[in-house]
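**Q** One file: start31.pdb (PDB, C-alpha atoms, pLDDT in the B column).
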ATOM      1  CA  GLU A   1     -19.415   9.266 -18.962  1.00 77.00           C
ATOM      2  CA  PRO A   2     -20.682   6.015 -17.412  1.00 81.00           C
ATOM      3  CA  GLU A   3     -20.905   5.952 -13.630  1.00 89.00           C
ATOM      4  CA  VAL A   4     -21.428   3.483 -10.838  1.00 94.00           C
ATOM      5  CA  THR A   5     -24.712   4.205  -9.093  1.00 95.00           C
ATOM      6  CA  GLN A   6     -25.855   3.183  -5.622  1.00 96.00           C
ATOM      7  CA  THR A   7     -29.210   3.141  -3.878  1.00 96.00           C
ATOM      8  CA  PRO A   8     -30.341   4.263  -1.434  1.00 96.00           C
ATOM      9  CA  SER A   9     -28.119   7.202  -0.650  1.00 95.00           C
ATOM     10  CA  HIS A  10     -29.007   6.917   3.029  1.00 96.00           C
ATOM     11  CA  GLN A  11     -30.491   3.954   4.888  1.00 97.00           C
ATOM     12  CA  VAL A  12     -31.566   4.028   8.510  1.00 98.00           C
ATOM     13  CA  THR A  13     -32.306   0.702  10.159  1.00 97.00           C
ATOM     14  CA  GLN A  14     -32.723  -0.760  13.607  1.00 97.00           C
ATOM     15  CA  MET A  15     -30.183  -3.098  15.136  1.00 97.00           C
ATOM     16  CA  GLY A  16     -30.885  -6.700  14.180  1.00 97.00           C
ATOM     17  CA  GLN A  17     -32.674  -5.853  10.938  1.00 98.00           C
ATOM     18  CA  GLU A  18     -31.546  -6.982   7.516  1.00 98.00           C
ATOM     19  CA  VAL A  19     -30.492  -4.424   4.931  1.00 98.00           C
ATOM     20  CA  ILE A  20     -29.719  -4.712   1.248  1.00 97.00           C
ATOM     21  CA  LEU A  21     -27.538  -2.120  -0.390  1.00 98.00           C
ATOM     22  CA  ARG A  22     -27.769  -1.900  -4.145  1.00 97.00           C
ATOM     23  CA  CYS A  23     -25.257  -0.989  -6.800  1.00 97.00           C
ATOM     24  CA  VAL A  24     -25.344  -0.778 -10.566  1.00 96.00           C
ATOM     25  CA  PRO A  25     -21.767  -1.106 -11.853  1.00 95.00           C
ATOM     26  CA  ILE A  26     -20.601   0.301 -15.160  1.00 93.00           C
ATOM     27  CA  SER A  27     -22.182  -1.879 -17.825  1.00 89.00           C
ATOM     28  CA  ASN A  28     -19.129  -3.479 -19.448  1.00 87.00           C
ATOM     29  CA  HIS A  29     -17.239  -4.005 -16.212  1.00 90.00           C
ATOM     30  CA  LEU A  30     -16.646  -7.514 -14.952  1.00 88.00           C
ATOM     31  CA  TYR A  31     -15.155  -7.061 -11.474  1.00 90.00           C
ATOM     32  CA  PHE A  32     -17.112  -5.730  -8.542  1.00 92.00           C
ATOM     33  CA  TYR A  33     -16.188  -4.657  -5.048  1.00 93.00           C
ATOM     34  CA  TRP A  34     -17.634  -3.420  -1.808  1.00 96.00           C
ATOM     35  CA  TYR A  35     -15.765  -1.142   0.585  1.00 95.00           C
ATOM     36  CA  ARG A  36     -16.821   0.627   3.734  1.00 95.00           C
ATOM     37  CA  GLN A  37     -15.716   3.805   5.425  1.00 92.00           C
ATOM     38  CA  ILE A  38     -16.604   4.337   9.046  1.00 91.00           C
ATOM     39  CA  LEU A  39     -16.921   8.052   9.738  1.00 85.00           C
ATOM     40  CA  GLY A  40     -13.506   9.646  10.014  1.00 77.00           C
ATOM     41  CA  GLN A  41     -11.670   6.404   9.321  1.00 82.00           C
ATOM     42  CA  LYS A  42     -10.006   4.793   6.357  1.00 86.00           C
ATOM     43  CA  VAL A  43     -11.676   3.061   3.441  1.00 91.00           C
ATOM     44  CA  GLU A  44     -11.716  -0.688   4.113  1.00 93.00           C
ATOM     45  CA  PHE A  45     -11.983  -3.496   1.590  1.00 91.00           C
ATOM     46  CA  LEU A  46     -14.869  -5.891   2.169  1.00 94.00           C
ATOM     47  CA  VAL A  47     -15.161  -8.181  -0.834  1.00 92.00           C
ATOM     48  CA  SER A  48     -14.428  -8.620  -4.515  1.00 90.00           C
ATOM     49  CA  PHE A  49     -16.653 -10.534  -6.928  1.00 90.00           C
ATOM     50  CA  TYR A  50     -16.125 -11.959 -10.386  1.00 87.00           C
ATOM     51  CA  ASN A  51     -17.946 -14.479 -12.541  1.00 85.00           C
ATOM     52  CA  ASN A  52     -20.698 -14.870  -9.968  1.00 88.00           C
ATOM     53  CA  GLU A  53     -18.459 -15.774  -7.107  1.00 89.00           C
ATOM     54  CA  ILE A  54     -16.404 -14.107  -4.415  1.00 91.00           C
ATOM     55  CA  SER A  55     -12.770 -13.647  -5.442  1.00 87.00           C
ATOM     56  CA  GLU A  56     -11.449 -12.349  -2.157  1.00 87.00           C
ATOM     57  CA  LYS A  57     -12.889 -11.154   1.121  1.00 89.00           C
ATOM     58  CA  SER A  58     -11.548  -9.425   4.182  1.00 90.00           C
ATOM     59  CA  GLU A  59     -11.810 -10.473   7.790  1.00 91.00           C
ATOM     60  CA  ILE A  60     -14.600  -7.910   8.159  1.00 93.00           C
ATOM     61  CA  PHE A  61     -16.753  -9.836   5.677  1.00 95.00           C
ATOM     62  CA  ASP A  62     -18.086 -12.443   8.077  1.00 94.00           C
ATOM     63  CA  ASP A  63     -21.152 -14.664   7.874  1.00 94.00           C
ATOM     64  CA  GLN A  64     -23.567 -11.793   8.346  1.00 96.00           C
ATOM     65  CA  PHE A  65     -22.518 -10.337   4.983  1.00 97.00           C
ATOM     66  CA  SER A  66     -23.338 -11.694   1.554  1.00 97.00           C
ATOM     67  CA  VAL A  67     -23.127 -10.419  -2.004  1.00 97.00           C
ATOM     68  CA  GLU A  68     -25.129 -11.264  -5.053  1.00 94.00           C
ATOM     69  CA  ARG A  69     -25.483 -10.324  -8.668  1.00 92.00           C
ATOM     70  CA  PRO A  70     -29.153 -11.193  -9.114  1.00 86.00           C
ATOM     71  CA  ASP A  71     -29.371 -10.045 -12.724  1.00 86.00           C
ATOM     72  CA  GLY A  72     -27.150  -8.599 -15.398  1.00 77.00           C
ATOM     73  CA  SER A  73     -26.944  -5.145 -13.877  1.00 86.00           C
ATOM     74  CA  ASN A  74     -27.329  -5.084 -10.100  1.00 93.00           C
ATOM     75  CA  PHE A  75     -24.763  -6.001  -7.476  1.00 96.00           C
ATOM     76  CA  THR A  76     -26.013  -6.173  -3.906  1.00 97.00           C
ATOM     77  CA  LEU A  77     -24.564  -6.292  -0.419  1.00 98.00           C
ATOM     78  CA  LYS A  78     -26.773  -7.857   2.248  1.00 98.00           C
ATOM     79  CA  ILE A  79     -26.190  -7.483   5.954  1.00 97.00           C
ATOM     80  CA  ARG A  80     -28.324 -10.084   7.701  1.00 96.00           C
ATOM     81  CA  SER A  81     -28.530  -8.762  11.231  1.00 95.00           C
ATOM     82  CA  THR A  82     -27.177  -5.267  11.529  1.00 97.00           C
ATOM     83  CA  LYS A  83     -25.123  -4.108  14.484  1.00 96.00           C
ATOM     84  CA  LEU A  84     -24.428  -0.589  15.675  1.00 97.00           C
ATOM     85  CA  GLU A  85     -20.841  -0.911  14.451  1.00 95.00           C
ATOM     86  CA  ASP A  86     -22.062  -1.541  10.902  1.00 97.00           C
ATOM     87  CA  SER A  87     -22.910   2.162  10.664  1.00 97.00           C
ATOM     88  CA  ALA A  88     -20.675   3.442   7.884  1.00 97.00           C
ATOM     89  CA  MET A  89     -20.570   4.646   4.316  1.00 95.00           C
ATOM     90  CA  TYR A  90     -20.602   1.688   1.942  1.00 97.00           C
ATOM     91  CA  PHE A  91     -19.024   2.120  -1.467  1.00 95.00           C
ATOM     92  CA  CYS A  92     -19.474  -0.113  -4.463  1.00 96.00           C
ATOM     93  CA  ALA A  93     -16.775  -0.160  -7.133  1.00 94.00           C
ATOM     94  CA  SER A  94     -16.206  -1.861 -10.448  1.00 92.00           C
ATOM     95  CA  SER A  95     -13.370  -2.340 -12.901  1.00 89.00           C
ATOM     96  CA  PRO A  96     -13.280  -3.622 -16.462  1.00 86.00           C
ATOM     97  CA  PHE A  97     -10.347  -5.962 -16.184  1.00 77.00           C
ATOM     98  CA  SER A  98      -8.725  -8.289 -13.754  1.00 67.00           C
ATOM     99  CA  GLY A  99      -5.503  -7.754 -11.904  1.00 67.00           C
ATOM    100  CA  GLY A 100      -4.111  -5.166  -9.576  1.00 67.00           C
ATOM    101  CA  ALA A 101      -3.001  -2.812 -12.323  1.00 74.00           C
ATOM    102  CA  TYR A 102      -6.459  -1.506 -13.039  1.00 82.00           C
ATOM    103  CA  GLU A 103      -8.128   1.338 -11.215  1.00 86.00           C
ATOM    104  CA  GLN A 104     -11.589   1.004  -9.761  1.00 90.00           C
ATOM    105  CA  TYR A 105     -14.589   3.209 -10.397  1.00 92.00           C
ATOM    106  CA  PHE A 106     -16.504   4.054  -7.262  1.00 93.00           C
ATOM    107  CA  GLY A 107     -20.138   4.867  -6.684  1.00 94.00           C
ATOM    108  CA  PRO A 108     -21.239   7.784  -4.490  1.00 92.00           C
ATOM    109  CA  GLY A 109     -21.890   5.504  -1.521  1.00 94.00           C
ATOM    110  CA  THR A 110     -24.762   4.528   0.752  1.00 96.00           C
ATOM    111  CA  ARG A 111     -24.691   5.916   4.259  1.00 96.00           C
ATOM    112  CA  LEU A 112     -25.971   3.206   6.606  1.00 98.00           C
ATOM    113  CA  THR A 113     -27.088   4.279  10.045  1.00 97.00           C
ATOM    114  CA  VAL A 114     -27.935   1.531  12.528  1.00 97.00           C
ATOM    115  CA  THR A 115     -29.885   2.688  15.597  1.00 97.00           C
TER     116      THR A 115
ATOM    117  CA  ALA B 116       1.156  -7.631   4.950  1.00 75.00           C
ATOM    118  CA  GLN B 117       0.284  -4.713   2.736  1.00 82.00           C
ATOM    119  CA  SER B 118      -0.063  -1.299   4.314  1.00 89.00           C
ATOM    120  CA  VAL B 119      -0.205   2.345   3.363  1.00 94.00           C
ATOM    121  CA  ALA B 120       0.706   5.309   5.516  1.00 95.00           C
ATOM    122  CA  GLN B 121      -0.318   8.901   4.948  1.00 96.00           C
ATOM    123  CA  PRO B 122       1.539  10.705   7.711  1.00 96.00           C
ATOM    124  CA  GLU B 123      -0.374  13.989   7.471  1.00 96.00           C
ATOM    125  CA  ASP B 124      -4.029  14.243   8.450  1.00 95.00           C
ATOM    126  CA  GLN B 125      -4.214  17.659   6.826  1.00 97.00           C
ATOM    127  CA  VAL B 126      -2.176  19.747   4.426  1.00 98.00           C
ATOM    128  CA  ASN B 127      -2.714  23.492   4.087  1.00 98.00           C
ATOM    129  CA  VAL B 128      -1.400  25.395   1.099  1.00 98.00           C
ATOM    130  CA  ALA B 129      -2.051  28.768  -0.490  1.00 98.00           C
ATOM    131  CA  GLU B 130      -3.532  28.934  -3.952  1.00 98.00           C
ATOM    132  CA  GLY B 131      -0.832  29.081  -6.591  1.00 97.00           C
ATOM    133  CA  ASN B 132       1.748  27.371  -4.405  1.00 98.00           C
ATOM    134  CA  PRO B 133       3.014  23.849  -5.028  1.00 98.00           C
ATOM    135  CA  LEU B 134       1.460  21.066  -2.977  1.00 97.00           C
ATOM    136  CA  THR B 135       2.693  17.677  -1.817  1.00 98.00           C
ATOM    137  CA  VAL B 136       0.631  14.962  -0.145  1.00 98.00           C
ATOM    138  CA  LYS B 137       2.803  12.203   1.249  1.00 98.00           C
ATOM    139  CA  CYS B 138       2.357   8.442   1.029  1.00 98.00           C
ATOM    140  CA  THR B 139       4.552   5.516   1.971  1.00 97.00           C
ATOM    141  CA  TYR B 140       3.722   1.873   1.457  1.00 94.00           C
ATOM    142  CA  SER B 141       4.698  -1.624   2.443  1.00 91.00           C
ATOM    143  CA  VAL B 142       3.989  -4.556   0.156  1.00 85.00           C
ATOM    144  CA  SER B 143       5.528  -7.848  -0.884  1.00 80.00           C
ATOM    145  CA  GLY B 144       6.790  -7.756  -4.420  1.00 79.00           C
ATOM    146  CA  ASN B 145       6.377  -4.856  -6.771  1.00 80.00           C
ATOM    147  CA  PRO B 146       3.472  -2.579  -5.967  1.00 85.00           C
ATOM    148  CA  TYR B 147       0.654  -1.097  -7.946  1.00 90.00           C
ATOM    149  CA  LEU B 148       0.064   2.363  -6.453  1.00 93.00           C
ATOM    150  CA  PHE B 149      -2.925   4.628  -6.821  1.00 95.00           C
ATOM    151  CA  TRP B 150      -4.187   8.023  -5.753  1.00 97.00           C
ATOM    152  CA  TYR B 151      -7.890   8.703  -5.370  1.00 95.00           C
ATOM    153  CA  VAL B 152      -9.687  11.926  -4.426  1.00 95.00           C
ATOM    154  CA  GLN B 153     -12.972  12.234  -2.538  1.00 92.00           C
ATOM    155  CA  TYR B 154     -15.101  15.353  -2.657  1.00 89.00           C
ATOM    156  CA  PRO B 155     -17.877  15.881  -0.093  1.00 83.00           C
ATOM    157  CA  ASN B 156     -20.776  13.447  -0.498  1.00 76.00           C
ATOM    158  CA  ARG B 157     -19.107  11.795  -3.472  1.00 80.00           C
ATOM    159  CA  GLY B 158     -17.386   8.491  -4.094  1.00 83.00           C
ATOM    160  CA  LEU B 159     -13.686   8.126  -4.662  1.00 90.00           C
ATOM    161  CA  GLN B 160     -12.383   9.320  -8.017  1.00 93.00           C
ATOM    162  CA  PHE B 161      -9.277   7.876  -9.613  1.00 92.00           C
ATOM    163  CA  LEU B 162      -6.450  10.402 -10.112  1.00 95.00           C
ATOM    164  CA  LEU B 163      -3.425   8.432 -11.239  1.00 95.00           C
ATOM    165  CA  LYS B 164      -1.512   5.187 -10.861  1.00 94.00           C
ATOM    166  CA  TYR B 165       1.969   3.739 -11.000  1.00 93.00           C
ATOM    167  CA  ILE B 166       2.324   0.280 -12.492  1.00 89.00           C
ATOM    168  CA  THR B 167       5.777   0.184 -14.018  1.00 87.00           C
ATOM    169  CA  GLY B 168       8.168   2.325 -16.046  1.00 88.00           C
ATOM    170  CA  ASP B 169       8.745   6.021 -15.531  1.00 90.00           C
ATOM    171  CA  ASN B 170       8.832   6.944 -11.865  1.00 93.00           C
ATOM    172  CA  LEU B 171       6.966  10.198 -12.493  1.00 96.00           C
ATOM    173  CA  VAL B 172       3.352   9.597 -13.435  1.00 96.00           C
ATOM    174  CA  LYS B 173       0.897  12.239 -14.540  1.00 96.00           C
ATOM    175  CA  GLY B 174      -2.805  12.131 -13.862  1.00 94.00           C
ATOM    176  CA  SER B 175      -6.007  14.091 -13.881  1.00 90.00           C
ATOM    177  CA  TYR B 176      -6.393  17.791 -13.009  1.00 92.00           C
ATOM    178  CA  GLY B 177      -2.653  18.520 -13.280  1.00 95.00           C
ATOM    179  CA  PHE B 178      -1.647  16.123 -10.505  1.00 97.00           C
ATOM    180  CA  GLU B 179       1.450  13.980 -10.687  1.00 97.00           C
ATOM    181  CA  ALA B 180       3.139  11.508  -8.374  1.00 98.00           C
ATOM    182  CA  GLU B 181       6.661  10.275  -7.974  1.00 96.00           C
ATOM    183  CA  PHE B 182       7.392   6.636  -7.241  1.00 95.00           C
ATOM    184  CA  ASN B 183      10.514   6.101  -5.152  1.00 95.00           C
ATOM    185  CA  LYS B 184      11.293   2.446  -4.647  1.00 92.00           C
ATOM    186  CA  SER B 185      14.177   2.921  -2.225  1.00 93.00           C
ATOM    187  CA  GLN B 186      12.067   5.108   0.048  1.00 95.00           C
ATOM    188  CA  THR B 187       8.864   3.104  -0.632  1.00 94.00           C
ATOM    189  CA  SER B 188       7.065   6.352  -1.270  1.00 96.00           C
ATOM    190  CA  PHE B 189       4.519   7.626  -3.756  1.00 97.00           C
ATOM    191  CA  HIS B 190       3.969  11.317  -2.999  1.00 98.00           C
ATOM    192  CA  LEU B 191       1.262  13.247  -4.814  1.00 98.00           C
ATOM    193  CA  LYS B 192       2.249  16.645  -6.194  1.00 98.00           C
ATOM    194  CA  LYS B 193       0.881  19.576  -8.088  1.00 98.00           C
ATOM    195  CA  PRO B 194       2.941  22.583  -9.192  1.00 97.00           C
ATOM    196  CA  SER B 195       0.213  25.167  -8.555  1.00 97.00           C
ATOM    197  CA  ALA B 196      -2.696  24.473  -6.219  1.00 97.00           C
ATOM    198  CA  LEU B 197      -6.265  25.601  -6.861  1.00 97.00           C
ATOM    199  CA  VAL B 198      -8.975  26.248  -4.286  1.00 97.00           C
ATOM    200  CA  SER B 199     -11.010  23.587  -6.084  1.00 95.00           C
ATOM    201  CA  ASP B 200      -8.328  21.005  -5.226  1.00 96.00           C
ATOM    202  CA  SER B 201      -9.528  21.088  -1.622  1.00 97.00           C
ATOM    203  CA  ALA B 202     -10.684  17.538  -0.897  1.00 96.00           C
ATOM    204  CA  LEU B 203      -9.739  14.279   0.808  1.00 94.00           C
ATOM    205  CA  TYR B 204      -6.937  12.361  -0.893  1.00 96.00           C
ATOM    206  CA  PHE B 205      -6.325   8.646  -0.511  1.00 96.00           C
ATOM    207  CA  CYS B 206      -3.232   6.695  -1.444  1.00 96.00           C
ATOM    208  CA  ALA B 207      -3.802   3.006  -2.183  1.00 94.00           C
ATOM    209  CA  VAL B 208      -1.699  -0.047  -2.926  1.00 91.00           C
ATOM    210  CA  ARG B 209      -2.176  -3.449  -4.466  1.00 83.00           C
ATOM    211  CA  ALA B 210       0.456  -6.146  -4.622  1.00 66.00           C
ATOM    212  CA  ASN B 211       0.981  -7.552  -8.108  1.00 62.00           C
ATOM    213  CA  THR B 212       0.581 -11.068  -6.821  1.00 56.00           C
ATOM    214  CA  GLY B 213      -2.793 -11.630  -8.393  1.00 53.00           C
ATOM    215  CA  GLY B 214      -5.023 -10.511  -5.560  1.00 54.00           C
ATOM    216  CA  PHE B 215      -7.861  -8.049  -5.985  1.00 68.00           C
ATOM    217  CA  LYS B 216      -7.643  -6.392  -2.617  1.00 77.00           C
ATOM    218  CA  THR B 217      -6.825  -2.687  -2.475  1.00 85.00           C
ATOM    219  CA  ILE B 218      -5.461  -1.230   0.741  1.00 89.00           C
ATOM    220  CA  PHE B 219      -6.154   2.448   1.346  1.00 92.00           C
ATOM    221  CA  GLY B 220      -4.336   4.933   3.502  1.00 94.00           C
ATOM    222  CA  ALA B 221      -6.199   6.896   6.131  1.00 93.00           C
ATOM    223  CA  GLY B 222      -6.537   9.897   3.854  1.00 94.00           C
ATOM    224  CA  THR B 223      -5.129  13.406   3.885  1.00 96.00           C
ATOM    225  CA  ARG B 224      -7.392  16.421   3.830  1.00 96.00           C
ATOM    226  CA  LEU B 225      -6.072  19.159   1.579  1.00 97.00           C
ATOM    227  CA  PHE B 226      -7.104  22.762   2.213  1.00 97.00           C
ATOM    228  CA  VAL B 227      -6.167  25.317  -0.417  1.00 97.00           C
ATOM    229  CA  LYS B 228      -6.658  28.922   0.689  1.00 97.00           C
ATOM    230  CA  ALA B 229      -7.422  31.671  -1.773  1.00 95.00           C
TER     231      ALA B 229
END
Would you write the structure of this file as structure tokens?
**A**
Amino acid sequence: EPEVTQTPSHQVTQMGQEVILRCVPISNHLYFYWYRQILGQKVEFLVSFYNNEISEKSEIFDDQFSVERPDGSNFTLKIRSTKLEDSAMYFCASSPFSGGAYEQYFGPGTRLTVT
Amino acid sequence: AQSVAQPEDQVNVAEGNPLTVKCTYSVSGNPYLFWYVQYPNRGLQFLLKYITGDNLVKGSYGFEAEFNKSQTSFHLKKPSALVSDSALYFCAVRANTGGFKTIFGAGTRLFVKA
């Protein structure tokens, strides 16, 4: 069964450094998402992406965040200057169709630790 | 604003007994409701969803959920719990107003004792 994959599984970085988290969505999916989960807290929506542009973003997704689909398979989340509070598990998700009726398929996550 | 509440941080049940994990929601318009499960060191896995129609929806691994519009609830149920059901369960909602944003509850940890 096709799966969403994410790399790396764990990233440690120093405050102020840039990080890029990578995701490979399921191949025939068209809609892509990033979520984060701070340890012990709820899963929070960051951004959705379709047709090479952001469809919706949350208040968390400020100017230090950006997303890109650099080729036909990868979907990346860049954090320009990491802060301690960016430490979290970051999940990528994809779905084949538009609209709220369709479930999302999640990757296993990247644990980001900012020191 | 959309919101989801899972009032129980943890639910404990003995294997073979029925289980219920509670969820209530608040959304403008008619909701799309989802349950996801998260096992340790894994991403969220889709269990089931309510879009329209029959209020009782059936999903993976023998789980089902009942949509109750008057109580704005979408409780997850299973008639007979298994030890392997022990995991973190998330209720989620999307408004059917065209947005892509999914709002998750805080999660409920289910422990099934043998």
**Q** On this structure, which residues satisfy the ChimeraX specification (/A :<9) & /B, written as a VMD selection string?
**A** chain B and resid 146 to 149 156 to 161 163 to 166 205 208 to 222
**Q** Residues near Ala116 of chain B, anyone? I mean within 8 Å using all atoms listed in the file, not counting same-chain ones fewer than 4 positions away, as a VMD selection string.
**A** chain B and resid 141 to 143
**Q** List the residues matched by the PyMOL selection byres ((chain A and resi 78) around 8) in the displayed structure as a VMD selection string, ordered by chain and then by residue number.
**A** chain A and resid 18 to 21 64 to 67 76 to 77 79 to 80
**Q** With C-alpha atoms kept, could you save the residues just selected as a PDB file, in the frame of the given file?
**A**
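Done, and the output landed in out_11.pdb:
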ATOM      1  CA  GLU A  18     -31.546  -6.982   7.516  1.00 98.00           C
ATOM      2  CA  VAL A  19     -30.492  -4.424   4.931  1.00 98.00           C
ATOM      3  CA  ILE A  20     -29.719  -4.712   1.248  1.00 97.00           C
ATOM      4  CA  LEU A  21     -27.538  -2.120  -0.390  1.00 98.00           C
ATOM      5  CA  GLN A  64     -23.567 -11.793   8.346  1.00 96.00           C
ATOM      6  CA  PHE A  65     -22.518 -10.337   4.983  1.00 97.00           C
ATOM      7  CA  SER A  66     -23.338 -11.694   1.554  1.00 97.00           C
ATOM      8  CA  VAL A  67     -23.127 -10.419  -2.004  1.00 97.00           C
ATOM      9  CA  THR A  76     -26.013  -6.173  -3.906  1.00 97.00           C
ATOM     10  CA  LEU A  77     -24.564  -6.292  -0.419  1.00 98.00           C
ATOM     11  CA  ILE A  79     -26.190  -7.483   5.954  1.00 97.00           C
ATOM     12  CA  ARG A  80     -28.324 -10.084   7.701  1.00 96.00           C
TER      13      ARG A  80
END
**Q** Just want the 9 Å neighbourhood of Ala229 of chain B, counted on all atoms listed in the file, with same-chain residues fewer than 4 positions away dropped. Output as a list of chain:residue names.
**A**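 Within the cut-off, the hits are B:Ala129, B:Glu130, B:Gly131, B:Leu197, B:Val198.
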**Q** For atom CA of Pro122 of chain B and atom CA of Pro194 of chain B, determine how far apart the two atoms are, in Å to one decimal place.
**A**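 Spanning atom CA of Pro122 of chain B to atom CA of Pro194 of chain B is a straight-line distance of 20.7 Å.
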**Q** Using all atoms listed in the file, which of A:Leu30, A:Leu39, A:Leu112, A:Met15 sits nearest Arg69 of chain A?
**A**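 Among A:Leu30, A:Leu39, A:Leu112, A:Met15, it is A:Leu30 that comes nearest to Arg69 of chain A.
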**Q** Rounded to one decimal place, report the atom CA of Val172 of chain B-atom CA of Lys228 of chain B distance in Å.
**A**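 Computed distance, atom CA of Val172 of chain B to atom CA of Lys228 of chain B, equals 25.9 Å.
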**Q** Figure out the distance between atom CA of Arg22 of chain A and atom CA of Asp71 of chain A, please, to one decimal in Å.
**A**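 Going from atom CA of Asp71 of chain A over to atom CA of Arg22 of chain A covers 11.9 Å.
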**Q** Could you list, as a list in words, every residue matched by the PyMOL selection byres ((chain B and resi 227) around 12) in this structure?
**A**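 That selection, the PyMOL selection byres ((chain B and resi 227) around 12), comes back as Gln125, Val126, Asn127, Val128, Ala129, Glu130, Gly131, Asn132, Pro133, Leu134, Thr135, Lys193, Ser195, Ala196, Leu197, Val198, Ser199, Asp200, Ser201, Ala202, Leu203, Arg224, Leu225, Phe226, Lys228 and Ala229 of chain B.
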**Q** Nearest to Ser185 of chain B among B:Tyr140, B:Gln153, B:Ser118, B:Asp124, with distances taken over all atoms listed in the file: which residue is it?
**A** B:Tyr140
**Q** Out of A:Glu3, A:Phe75, A:Glu59, A:Glu68, which residue has the shortest atom-to-atom distance to Cys23 of chain A when counting only C-alpha atoms?
**A** A:Phe75
**Q** How big is the axis-aligned box around all listed atoms of segment 178-186 of chain B once 4 Å goes on each side, and where's its centre, in Å to one decimal, as lines of an AutoDock Vina configuration file?
**A**
center_x = 6.3
center_y = 9.3
center_z = -5.3
size_x = 23.8
size_y = 21.7
size_z = 18.7
**Q** Could you check which of A:Ser73, A:Trp34, A:Ser95, A:Thr13 is closest to Ile54 of chain A, using all atoms listed in the file?
**A**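 That would be A:Trp34, the residue with the smallest distance to Ile54 of chain A.
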**Q** Determine the nearest neighbour of Leu162 of chain B from the options B:Gln117, B:Tyr204, B:Thr223, B:Phe189, counting all atoms listed in the file.
**A**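 When distances to Leu162 of chain B are compared using all atoms listed in the file, the smallest one comes from B:Tyr204.
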**Q** A:Ser94, A:Asn51, A:Thr113, A:Gln37: which is nearest Pro8 of chain A, counting all atoms listed in the file?
**A**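 Ranking A:Ser94, A:Asn51, A:Thr113, A:Gln37 by distance to Pro8 of chain A, first place goes to A:Thr113.
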**Q** Neighbours of Lys137 of chain B within 9 Å (only C-alpha atoms; same-chain residues fewer than 3 positions away dropped), as a ChimeraX atom specification?
**A** /B:120-123,188-192,206,223
**Q** For the point (-25.9, -7.0, 17.7) in the file's frame, write as a list of chain:residue names all residues with an atom no more than 12 Å away, counting all atoms listed in the file.
**A**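 Nearby residues: A:Gln14, A:Met15, A:Gly16, A:Gln17, A:Glu18, A:Gln64, A:Ile79, A:Arg80, A:Ser81, A:Thr82, A:Lys83, A:Leu84, A:Glu85, A:Asp86, A:Ser87, A:Val114, A:Thr115.
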**Q** So that I have them on file, write out the residues from the current selection with C-alpha atoms, as an mmCIF file, in the frame of the given file.
**A**
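So again03.cif came out as:
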data_model
loop_
_atom_site.group_PDB
_atom_site.id
_atom_site.type_symbol
_atom_site.label_atom_id
_atom_site.label_comp_id
_atom_site.auth_asym_id
_atom_site.auth_seq_id
_atom_site.Cartn_x
_atom_site.Cartn_y
_atom_site.Cartn_z
ATOM 1 C CA GLN A 14 -32.723 -0.760 13.607
ATOM 2 C CA MET A 15 -30.183 -3.098 15.136
ATOM 3 C CA GLY A 16 -30.885 -6.700 14.180
ATOM 4 C CA GLN A 17 -32.674 -5.853 10.938
ATOM 5 C CA GLU A 18 -31.546 -6.982 7.516
ATOM 6 C CA GLN A 64 -23.567 -11.793 8.346
ATOM 7 C CA ILE A 79 -26.190 -7.483 5.954
ATOM 8 C CA ARG A 80 -28.324 -10.084 7.701
ATOM 9 C CA SER A 81 -28.530 -8.762 11.231
ATOM 10 C CA THR A 82 -27.177 -5.267 11.529
ATOM 11 C CA LYS A 83 -25.123 -4.108 14.484
ATOM 12 C CA LEU A 84 -24.428 -0.589 15.675
ATOM 13 C CA GLU A 85 -20.841 -0.911 14.451
ATOM 14 C CA ASP A 86 -22.062 -1.541 10.902
ATOM 15 C CA SER A 87 -22.910 2.162 10.664
ATOM 16 C CA VAL A 114 -27.935 1.531 12.528
ATOM 17 C CA THR A 115 -29.885 2.688 15.597
#
